[in-house]
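The file final-v2.cif comes next; it holds mmCIF, N, CA and C atoms.
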```cif
data_model
#
loop_
_atom_site.label_atom_id
_atom_site.label_comp_id
_atom_site.auth_asym_id
_atom_site.auth_seq_id
_atom_site.Cartn_x
_atom_site.Cartn_y
_atom_site.Cartn_z
N MET A 1 204.76 159.19 85.05
CA MET A 1 204.56 157.88 84.49
C MET A 1 205.83 157.43 83.80
N GLU A 2 206.19 156.21 84.02
CA GLU A 2 207.37 155.63 83.41
C GLU A 2 206.99 154.40 82.63
N PHE A 3 207.83 154.06 81.69
CA PHE A 3 207.64 152.83 80.93
C PHE A 3 208.40 151.73 81.65
N ILE A 4 207.69 150.70 82.08
CA ILE A 4 208.31 149.59 82.80
C ILE A 4 207.96 148.28 82.12
N TYR A 5 208.71 147.25 82.45
CA TYR A 5 208.47 145.92 81.91
C TYR A 5 208.00 145.00 83.03
N CYS A 6 207.06 144.14 82.70
CA CYS A 6 206.56 143.16 83.66
C CYS A 6 207.66 142.13 83.91
N ALA A 7 207.87 141.78 85.15
CA ALA A 7 208.90 140.80 85.50
C ALA A 7 208.48 139.39 85.11
N PHE A 8 207.21 139.18 84.86
CA PHE A 8 206.73 137.84 84.55
C PHE A 8 206.54 137.63 83.05
N CYS A 9 205.73 138.46 82.41
CA CYS A 9 205.42 138.24 80.99
C CYS A 9 206.30 139.06 80.05
N LYS A 10 207.15 139.94 80.59
CA LYS A 10 208.13 140.72 79.83
C LYS A 10 207.54 141.75 78.87
N HIS A 11 206.28 142.09 79.00
CA HIS A 11 205.67 143.11 78.15
C HIS A 11 205.79 144.47 78.83
N GLY A 12 205.97 145.50 78.02
CA GLY A 12 206.12 146.84 78.54
C GLY A 12 204.78 147.54 78.70
N ARG A 13 204.75 148.47 79.65
CA ARG A 13 203.54 149.26 79.87
C ARG A 13 203.93 150.51 80.66
N LYS A 14 203.04 151.46 80.72
CA LYS A 14 203.27 152.67 81.50
C LYS A 14 202.68 152.47 82.89
N ALA A 15 203.43 152.94 83.90
CA ALA A 15 202.97 152.82 85.28
C ALA A 15 203.51 153.99 86.09
N TYR A 16 202.79 154.33 87.13
CA TYR A 16 203.24 155.37 88.06
C TYR A 16 204.26 154.74 89.01
N THR A 17 205.43 155.34 89.11
CA THR A 17 206.47 154.79 89.97
C THR A 17 206.82 155.70 91.14
N LYS A 18 206.19 156.86 91.22
CA LYS A 18 206.44 157.79 92.32
C LYS A 18 205.84 157.21 93.60
N LYS A 19 206.69 157.04 94.64
CA LYS A 19 206.24 156.39 95.87
C LYS A 19 205.76 157.37 96.94
N HIS A 20 206.38 158.54 97.01
CA HIS A 20 206.07 159.48 98.09
C HIS A 20 205.95 160.90 97.55
N LEU A 21 205.48 161.79 98.41
CA LEU A 21 205.37 163.20 98.05
C LEU A 21 206.74 163.80 97.80
N LYS A 22 206.80 164.70 96.87
CA LYS A 22 208.03 165.46 96.59
C LYS A 22 207.83 166.87 97.13
N LEU A 23 208.88 167.65 97.11
CA LEU A 23 208.81 169.01 97.63
C LEU A 23 207.77 169.83 96.89
N SER A 24 207.67 169.65 95.59
CA SER A 24 206.68 170.40 94.81
C SER A 24 205.26 170.05 95.24
N ASP A 25 205.00 168.79 95.55
CA ASP A 25 203.67 168.38 96.01
C ASP A 25 203.33 169.02 97.36
N ILE A 26 204.32 169.10 98.22
CA ILE A 26 204.11 169.72 99.54
C ILE A 26 203.81 171.22 99.36
N LEU A 27 204.53 171.85 98.45
CA LEU A 27 204.27 173.27 98.19
C LEU A 27 202.88 173.48 97.60
N TYR A 28 202.45 172.60 96.71
CA TYR A 28 201.09 172.70 96.17
C TYR A 28 200.04 172.57 97.28
N CYS A 29 200.26 171.66 98.20
CA CYS A 29 199.32 171.50 99.32
C CYS A 29 199.29 172.74 100.20
N LEU A 30 200.46 173.33 100.41
CA LEU A 30 200.55 174.55 101.22
C LEU A 30 199.83 175.71 100.54
N ILE A 31 200.03 175.87 99.25
CA ILE A 31 199.36 176.94 98.50
C ILE A 31 197.85 176.73 98.49
N LEU A 32 197.43 175.49 98.28
CA LEU A 32 196.01 175.18 98.28
C LEU A 32 195.37 175.45 99.64
N ALA A 33 196.08 175.08 100.72
CA ALA A 33 195.57 175.34 102.07
C ALA A 33 195.49 176.85 102.33
N ALA A 34 196.49 177.60 101.89
CA ALA A 34 196.48 179.06 102.09
C ALA A 34 195.34 179.70 101.31
N LEU A 35 195.13 179.26 100.07
CA LEU A 35 194.03 179.81 99.28
C LEU A 35 192.67 179.48 99.89
N LEU A 36 192.53 178.28 100.37
CA LEU A 36 191.28 177.88 101.02
C LEU A 36 191.04 178.71 102.29
N MET A 37 192.12 178.96 103.05
CA MET A 37 192.00 179.79 104.24
C MET A 37 191.54 181.19 103.88
N LEU A 38 192.11 181.76 102.82
CA LEU A 38 191.72 183.11 102.41
C LEU A 38 190.28 183.16 101.90
N VAL A 39 189.83 182.11 101.24
CA VAL A 39 188.45 182.08 100.75
C VAL A 39 187.46 181.98 101.91
N ILE A 40 187.77 181.16 102.89
CA ILE A 40 186.83 180.93 103.99
C ILE A 40 186.86 182.06 105.02
N TRP A 41 188.07 182.46 105.49
CA TRP A 41 188.16 183.42 106.58
C TRP A 41 188.63 184.81 106.16
N GLN A 42 189.11 185.03 104.99
CA GLN A 42 189.62 186.28 104.46
C GLN A 42 190.80 186.86 105.25
N THR A 43 191.36 186.11 106.16
CA THR A 43 192.53 186.53 106.93
C THR A 43 193.23 185.28 107.46
N TYR A 44 194.35 185.49 108.16
CA TYR A 44 195.08 184.34 108.71
C TYR A 44 194.27 183.66 109.79
N ASN A 45 194.26 182.32 109.76
CA ASN A 45 193.60 181.52 110.78
C ASN A 45 194.48 180.30 111.04
N PRO A 46 194.75 179.98 112.32
CA PRO A 46 195.61 178.83 112.62
C PRO A 46 195.05 177.48 112.13
N ALA A 47 193.81 177.45 111.75
CA ALA A 47 193.23 176.22 111.24
C ALA A 47 193.85 175.80 109.91
N VAL A 48 194.61 176.71 109.30
CA VAL A 48 195.26 176.41 108.02
C VAL A 48 196.23 175.24 108.18
N PHE A 49 196.81 175.07 109.35
CA PHE A 49 197.74 173.96 109.56
C PHE A 49 197.02 172.61 109.53
N PHE A 50 195.81 172.58 110.06
CA PHE A 50 195.02 171.34 110.00
C PHE A 50 194.60 171.03 108.56
N ILE A 51 194.23 172.07 107.82
CA ILE A 51 193.86 171.90 106.41
C ILE A 51 195.07 171.41 105.62
N PHE A 52 196.23 172.02 105.87
CA PHE A 52 197.46 171.63 105.19
C PHE A 52 197.80 170.16 105.49
N THR A 53 197.68 169.76 106.74
CA THR A 53 197.95 168.37 107.12
C THR A 53 196.96 167.43 106.45
N PHE A 54 195.71 167.83 106.39
CA PHE A 54 194.70 167.01 105.72
C PHE A 54 195.04 166.83 104.24
N PHE A 55 195.44 167.91 103.57
CA PHE A 55 195.82 167.82 102.16
C PHE A 55 197.05 166.94 101.96
N LEU A 56 198.00 167.01 102.89
CA LEU A 56 199.18 166.14 102.80
C LEU A 56 198.80 164.67 102.92
N ILE A 57 197.92 164.36 103.85
CA ILE A 57 197.49 162.97 104.05
C ILE A 57 196.76 162.46 102.81
N ILE A 58 195.87 163.27 102.27
CA ILE A 58 195.12 162.87 101.07
C ILE A 58 196.08 162.69 99.89
N SER A 59 197.02 163.61 99.71
CA SER A 59 197.95 163.53 98.59
C SER A 59 198.83 162.29 98.68
N GLU A 60 199.34 162.01 99.86
CA GLU A 60 200.18 160.82 100.04
C GLU A 60 199.38 159.55 99.79
N SER A 61 198.14 159.51 100.25
CA SER A 61 197.29 158.34 100.02
C SER A 61 197.00 158.13 98.54
N VAL A 62 196.73 159.21 97.84
CA VAL A 62 196.44 159.11 96.41
C VAL A 62 197.67 158.62 95.64
N ILE A 63 198.84 159.12 96.00
CA ILE A 63 200.07 158.68 95.33
C ILE A 63 200.32 157.21 95.58
N HIS A 64 200.13 156.75 96.82
CA HIS A 64 200.32 155.33 97.14
C HIS A 64 199.32 154.46 96.38
N LEU A 65 198.06 154.84 96.40
CA LEU A 65 197.04 154.04 95.71
C LEU A 65 197.23 154.02 94.20
N ARG A 66 197.58 155.17 93.63
CA ARG A 66 197.79 155.25 92.19
C ARG A 66 198.95 154.35 91.77
N ARG A 67 200.03 154.36 92.53
CA ARG A 67 201.17 153.51 92.22
C ARG A 67 200.82 152.04 92.39
N ARG A 68 200.13 151.74 93.46
CA ARG A 68 199.79 150.34 93.77
C ARG A 68 198.88 149.74 92.70
N VAL A 69 197.95 150.53 92.19
CA VAL A 69 197.02 150.04 91.17
C VAL A 69 197.73 149.89 89.83
N SER A 70 198.61 150.84 89.49
CA SER A 70 199.21 150.80 88.16
C SER A 70 200.41 149.87 88.05
N ILE A 71 200.98 149.44 89.17
CA ILE A 71 202.17 148.60 89.12
C ILE A 71 201.83 147.15 88.74
N GLN A 72 200.58 146.76 88.95
CA GLN A 72 200.16 145.40 88.60
C GLN A 72 200.00 145.27 87.09
N CYS A 73 200.50 144.18 86.53
CA CYS A 73 200.42 143.96 85.08
C CYS A 73 198.99 143.62 84.69
N ASN A 74 198.48 144.31 83.68
CA ASN A 74 197.11 144.06 83.26
C ASN A 74 197.01 142.92 82.25
N LEU A 75 198.14 142.40 81.78
CA LEU A 75 198.12 141.27 80.86
C LEU A 75 198.13 139.92 81.58
N CYS A 76 199.09 139.77 82.51
CA CYS A 76 199.22 138.47 83.19
C CYS A 76 198.77 138.51 84.65
N GLY A 77 198.53 139.68 85.21
CA GLY A 77 198.07 139.78 86.58
C GLY A 77 199.19 139.76 87.61
N PHE A 78 200.45 139.82 87.18
CA PHE A 78 201.57 139.79 88.11
C PHE A 78 201.62 141.07 88.93
N ASP A 79 201.75 140.91 90.24
CA ASP A 79 201.81 142.04 91.16
C ASP A 79 203.12 141.96 91.93
N PRO A 80 204.11 142.81 91.63
CA PRO A 80 205.40 142.71 92.30
C PRO A 80 205.35 142.98 93.80
N VAL A 81 204.45 143.82 94.25
CA VAL A 81 204.34 144.09 95.68
C VAL A 81 203.83 142.85 96.41
N LEU A 82 202.83 142.20 95.84
CA LEU A 82 202.32 140.96 96.43
C LEU A 82 203.37 139.86 96.37
N TYR A 83 204.17 139.83 95.30
CA TYR A 83 205.21 138.81 95.16
C TYR A 83 206.26 138.94 96.26
N VAL A 84 206.61 140.16 96.64
CA VAL A 84 207.59 140.36 97.71
C VAL A 84 207.04 139.86 99.04
N LYS A 85 205.75 140.09 99.27
CA LYS A 85 205.15 139.72 100.54
C LYS A 85 204.74 138.25 100.61
N ALA A 86 204.17 137.73 99.52
CA ALA A 86 203.68 136.34 99.51
C ALA A 86 203.83 135.76 98.10
N PRO A 87 204.99 135.15 97.80
CA PRO A 87 205.22 134.64 96.44
C PRO A 87 204.22 133.57 95.99
N LYS A 88 203.80 132.71 96.89
CA LYS A 88 202.85 131.65 96.52
C LYS A 88 201.49 132.24 96.15
N LEU A 89 201.08 133.26 96.86
CA LEU A 89 199.81 133.92 96.56
C LEU A 89 199.88 134.65 95.22
N ALA A 90 201.02 135.28 94.94
CA ALA A 90 201.20 135.95 93.65
C ALA A 90 201.20 134.93 92.51
N GLU A 91 201.83 133.78 92.74
CA GLU A 91 201.85 132.73 91.72
C GLU A 91 200.44 132.21 91.44
N ALA A 92 199.66 132.03 92.49
CA ALA A 92 198.28 131.56 92.33
C ALA A 92 197.44 132.59 91.56
N LYS A 93 197.66 133.86 91.85
CA LYS A 93 196.91 134.91 91.17
C LYS A 93 197.25 134.95 89.68
N VAL A 94 198.53 134.84 89.34
CA VAL A 94 198.95 134.84 87.94
C VAL A 94 198.41 133.60 87.23
N SER A 95 198.48 132.46 87.89
CA SER A 95 197.96 131.22 87.29
C SER A 95 196.48 131.33 86.99
N LYS A 96 195.74 131.94 87.90
CA LYS A 96 194.30 132.11 87.71
C LYS A 96 194.00 133.02 86.53
N VAL A 97 194.71 134.15 86.45
CA VAL A 97 194.49 135.10 85.35
C VAL A 97 194.86 134.47 84.02
N LEU A 98 195.99 133.78 83.97
CA LEU A 98 196.41 133.15 82.72
C LEU A 98 195.47 132.01 82.31
N ALA A 99 194.95 131.27 83.28
CA ALA A 99 193.99 130.21 82.96
C ALA A 99 192.70 130.80 82.37
N GLU A 100 192.25 131.92 82.94
CA GLU A 100 191.06 132.58 82.41
C GLU A 100 191.30 133.09 80.99
N LYS A 101 192.48 133.66 80.76
CA LYS A 101 192.78 134.17 79.41
C LYS A 101 192.90 133.03 78.41
N LYS A 102 193.50 131.91 78.83
CA LYS A 102 193.66 130.79 77.92
C LYS A 102 192.32 130.16 77.58
N SER A 103 191.43 130.06 78.56
CA SER A 103 190.11 129.45 78.30
C SER A 103 189.23 130.34 77.43
N SER A 104 189.40 131.66 77.53
CA SER A 104 188.57 132.56 76.72
C SER A 104 189.09 132.69 75.29
N GLY A 105 190.38 132.53 75.10
CA GLY A 105 190.96 132.60 73.77
C GLY A 105 191.14 134.01 73.24
N GLU A 106 190.88 135.02 74.05
CA GLU A 106 191.02 136.41 73.61
C GLU A 106 192.47 136.79 73.31
N TYR A 107 193.41 136.11 73.94
CA TYR A 107 194.81 136.45 73.76
C TYR A 107 195.29 136.17 72.34
N LEU A 108 194.59 135.31 71.62
CA LEU A 108 195.01 134.96 70.27
C LEU A 108 194.94 136.16 69.31
N PHE A 109 194.01 137.05 69.56
CA PHE A 109 193.81 138.20 68.69
C PHE A 109 194.32 139.51 69.30
N ALA A 110 194.87 139.45 70.50
CA ALA A 110 195.34 140.65 71.18
C ALA A 110 196.69 141.10 70.62
N ALA A 111 196.94 142.39 70.70
CA ALA A 111 198.21 142.93 70.22
C ALA A 111 199.36 142.46 71.11
N LYS A 112 199.10 142.31 72.39
CA LYS A 112 200.11 141.82 73.32
C LYS A 112 199.64 140.49 73.90
N ASN A 113 200.33 139.45 73.56
CA ASN A 113 200.00 138.11 74.01
C ASN A 113 200.75 137.81 75.31
N PRO A 114 200.06 137.55 76.42
CA PRO A 114 200.75 137.29 77.67
C PRO A 114 201.55 135.99 77.66
N PHE A 115 201.26 135.09 76.74
CA PHE A 115 201.96 133.81 76.68
C PHE A 115 203.17 133.84 75.76
N GLU A 116 203.41 134.97 75.12
CA GLU A 116 204.45 135.08 74.10
C GLU A 116 205.86 134.85 74.66
N HIS A 117 206.19 135.42 75.80
CA HIS A 117 207.55 135.35 76.33
C HIS A 117 207.68 134.38 77.51
N LEU A 118 206.65 133.64 77.83
CA LEU A 118 206.71 132.74 78.99
C LEU A 118 207.56 131.53 78.68
N LYS A 119 208.34 131.11 79.67
CA LYS A 119 209.15 129.91 79.54
C LYS A 119 208.30 128.72 79.99
N VAL A 120 208.53 127.59 79.38
CA VAL A 120 207.82 126.38 79.74
C VAL A 120 208.40 125.85 81.05
N LYS A 121 207.53 125.56 81.99
CA LYS A 121 207.96 125.08 83.30
C LYS A 121 208.19 123.58 83.25
N ASP A 122 209.37 123.12 83.68
CA ASP A 122 209.68 121.70 83.70
C ASP A 122 208.91 121.00 84.80
N LYS A 123 208.39 119.82 84.51
CA LYS A 123 207.62 119.06 85.49
C LYS A 123 208.51 118.06 86.24
N ASN A 124 209.82 118.07 86.00
CA ASN A 124 210.73 117.11 86.63
C ASN A 124 210.93 117.40 88.07
#
```
Starting from the file, lay out its structure as structure tokens.
Amino acid sequence: MEFIYCAFCKHGRKAYTKKHLKLSDILYCLILAALLMLVIWQTYNPAVFFIFTFFLIISESVIHLRRRVSIQCNLCGFDPVLYVKAPKLAEAKVSKVLAEKKSSGEYLFAAKNPFEHLKVKDKN
């Protein structure tokens, strides 16, 4: 987990930034597959390679999902991955979240105000 700043509201938060498996994760999957093989068959079985591959797929998926969920700002709703793919959709999402927060008035008493660092948009 790293401390990052939102590109939109400029507030800091912790987020997972690891994108892919590292060597240590691969070794953990290999050890887990070997232990599972020993528990089930009590000897070497070639099926351990399928188990190992399954663990690698699950681990990579979990890392991707964990990063994707934590990278989105929970104050203003800004999603940098969505912004790269579709800036207008990201803008609409942030506008919706900020409109909901403004109408509820909860931000007035919150420790982190999402409107604190926002620049006023010119209508010219």
Report task. Run DSSP on the backbone of this structure and report the residues of chain A it assigns to strand (DSSP E), as a PyMOL selection string. Result -> chain A and resi 2-5+12-15
Query - Distance criterion (only C-alpha atoms): nearest to A:Glu106 out of A:Lys93, A:Leu75, A:Ala15, A:Ile31 - result: A:Leu75
Selection near stretch 51-66 of chain A, 6 Å with all atoms listed in the file, sequence-local residues under 5 positions removed, as a tab-separated table (two decimals) with N, CA and C atoms, in the frame of the given file:
```
chain	number	residue	atom	x	y	z
A	16	TYR	N	202.79	154.33	87.13
A	16	TYR	CA	203.24	155.37	88.06
A	16	TYR	C	204.26	154.74	89.01
A	18	LYS	N	206.19	156.86	91.22
A	18	LYS	CA	206.44	157.79	92.32
A	18	LYS	C	205.84	157.21	93.60
A	19	LYS	N	206.69	157.04	94.64
A	19	LYS	CA	206.24	156.39	95.87
A	19	LYS	C	205.76	157.37	96.94
A	21	LEU	N	205.48	161.79	98.41
A	21	LEU	CA	205.37	163.20	98.05
A	21	LEU	C	206.74	163.80	97.80
A	29	CYS	N	200.26	171.66	98.20
A	29	CYS	CA	199.32	171.50	99.32
A	29	CYS	C	199.29	172.74	100.20
A	30	LEU	N	200.46	173.33	100.41
A	30	LEU	CA	200.55	174.55	101.22
A	30	LEU	C	199.83	175.71	100.54
A	33	ALA	N	196.08	175.08	100.72
A	33	ALA	CA	195.57	175.34	102.07
A	33	ALA	C	195.49	176.85	102.33
A	71	ILE	N	200.98	149.44	89.17
A	71	ILE	CA	202.17	148.60	89.12
A	71	ILE	C	201.83	147.15	88.74
```
Requested in this report: Could you tell me which residues the PyMOL selection byres ((chain A and resi 8-12) around 7) grabs in this file, written as number ranges by chain?
Outcome: A: 3-7, 13-14, 76, 78, 114-118
Report task. Give me, please, the distance in Å between atom CA of A:Arg67 and atom CA of A:Met1, quoted to one decimal. Result ->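 Between atom CA of A:Arg67 and atom CA of A:Met1 the gap works out to 9.5 Å.
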Report summary line: Here atom CA of A:Ala99 and atom CA of A:Val84 stand apart by 22.5 Å
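For the set A:Glu2, A:Thr17, A:Lys85, A:Gly77, the residue with the smallest atom-to-atom gap to A:Val97 is A:Gly77, counting all atoms listed in the file.
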Query raised in the report: Between atom N of A:Glu91 and atom N of A:Asp79, what is the distance, to one decimal in Å?
Result: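 Answer for the atom N of A:Glu91 to atom N of A:Asp79 separation: 7.6 Å.
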